[in-house]
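Colleague: I'd like to ask some things about the structure below.
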Amino acid sequence: MQRRLSTVCLTLALACMAPALHAQMSTRAYAPENLSQLSSSDRSRVITQEYADQSNGRRIPDDQLRFYLAQVNSGWNFSRIKQDIATSLRGNGNGNGGGWNGGGNGPGNTGTVRCESQDNRERVCNTGWRSARLSRQISGTTCTEGRNWGSRNGTVWVSGGCRAEFVEGRGNGGNWGGGGTGATIRCESQDNRERTCNTGWRNATLVRQISGTACVEGQTWGVRNGAIWVNRGCRGEFAEARGNSGGNWGGGGGNSNYSVTCSSNDKRQQTCAWDARQGRPALVQQLSGTACVEGRSWGYSNGSLWVSGGCRARFGAR
């Protein structure tokens, strides 16, 4: 009698568990190798589920999902998509030919590296480069060098939701040849506090602003006693200035006396002529209270220098 009762209880328990087990098994949908056999909605569902399985429940970014759906149409099978998802989550691409990492992040990579901050967390992507520059931003969040992305020790790091593609920087990572050393110094005011960075230079010029806050000489940065000082949130890269002023900035191959002042009035975009023989321009002196940030409020394209958003500055040859 006791054995029969045990058998009945076991049968009832299995019967109650069956729907739950079936539901659990159904959450991971069967997917054929050839995803083109599925409808568009089923393709999206399968890829989304695979990403969630590999990332402990995270949602796949919309642009990454669109990328994989496009690759299905070009012949990618499910195994290749699974492998590429794993690669993208590790952040160390293997040069798999057009994958989501843009060709791989390994040492000596000469292509592009896609690095993404998911859920605003910091991520480090190996590159093997001494320096990097942003090639294409793919996030809605603005990617600002020094704030939510940068390069160090052969890697690119991103944080705060920045997702972008990067390429190797030219030369020594933007160390334009000025003065005697040809080096740049990065000096940053954190939490609006003043900071002093020793240089040994008699004078300096702002090569590149990396803060959203305006770096204005005499107001938020300057030089005294062989050191650069910054305050009120100014963060920038500086180089030694030739002569007794920061104006005559000499670059690698251009004319050290060549400069162009370009102004955005009423925050409208303005294009200014630039002598292409001087190479690419560099910001020499910001004249506006509004921040001049390369790629955001000033840049160089199609042989012309442009400024916008109220940026007003003097530019010289690198």
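Chain labels run A, B, ... following the order of the structure tokens; each chain numbers its residues from 1, and ligands are numbered from 1 in the order shown.
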So that I can check the surroundings of A:Val284, please list as a list of chain:residue names every protein, DNA and RNA residue that reaches within 6 Å of it, counting only C-alpha atoms and ignoring chain neighbours fewer than 5 positions away.
Modeller: A:Leu206, A:Val207, A:Arg314, A:Phe315, A:Gly316
Colleague: Output N, CA and C atoms for every residue in the selection just made, as a PDB file, in the first residue's frame.
Modeller:
ATOM      1  N   LEU A 206      47.706  75.450 -26.117  1.00  0.00           N
ATOM      2  CA  LEU A 206      46.708  74.394 -26.036  1.00  0.00           C
ATOM      3  C   LEU A 206      46.639  73.697 -27.392  1.00  0.00           C
ATOM      4  N   VAL A 207      46.960  72.421 -27.405  1.00  0.00           N
ATOM      5  CA  VAL A 207      46.933  71.643 -28.638  1.00  0.00           C
ATOM      6  C   VAL A 207      45.559  71.045 -28.874  1.00  0.00           C
ATOM      7  N   ARG A 314      41.805  80.116 -33.026  1.00  0.00           N
ATOM      8  CA  ARG A 314      42.882  80.258 -33.996  1.00  0.00           C
ATOM      9  C   ARG A 314      43.506  78.886 -34.194  1.00  0.00           C
ATOM     10  N   PHE A 315      43.698  78.532 -35.450  1.00  0.00           N
ATOM     11  CA  PHE A 315      44.213  77.219 -35.804  1.00  0.00           C
ATOM     12  C   PHE A 315      45.542  77.366 -36.539  1.00  0.00           C
ATOM     13  N   GLY A 316      46.441  76.424 -36.283  1.00  0.00           N
ATOM     14  CA  GLY A 316      47.742  76.450 -36.927  1.00  0.00           C
ATOM     15  C   GLY A 316      48.096  75.098 -37.500  1.00  0.00           C
TER      16      GLY A 316
END
Colleague: If you run DSSP on this backbone, which residues of stretch 126-213 of chain A come out as strand (DSSP E), and could you give them as number ranges by chain?
Modeller: A: 126, 132-137, 149-152, 155-158, 163-168, 184-188, 195-198, 204-209
Colleague: Pick out the residues sitting within 6 Å of A:Ala239, and hand them over as a list in words; count only C-alpha atoms, and ignore anything fewer than 5 positions along from it in its own chain.
Modeller: Thr184, Ala204 and Thr205 of chain A
Colleague: So how many Å separate atom CA of A:Asn77 and atom CA of A:Arg163, to one decimal?
Modeller: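 Computed distance, atom CA of A:Asn77 to atom CA of A:Arg163, equals 25.8 Å.
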Colleague: I'd like to know which of A:Leu283, A:Ile85, A:Cys292, A:Ala132 is closest to A:Cys215, using only C-alpha atoms.
Modeller: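 Checking each candidate against A:Cys215, we get A:Cys292 as the closest.
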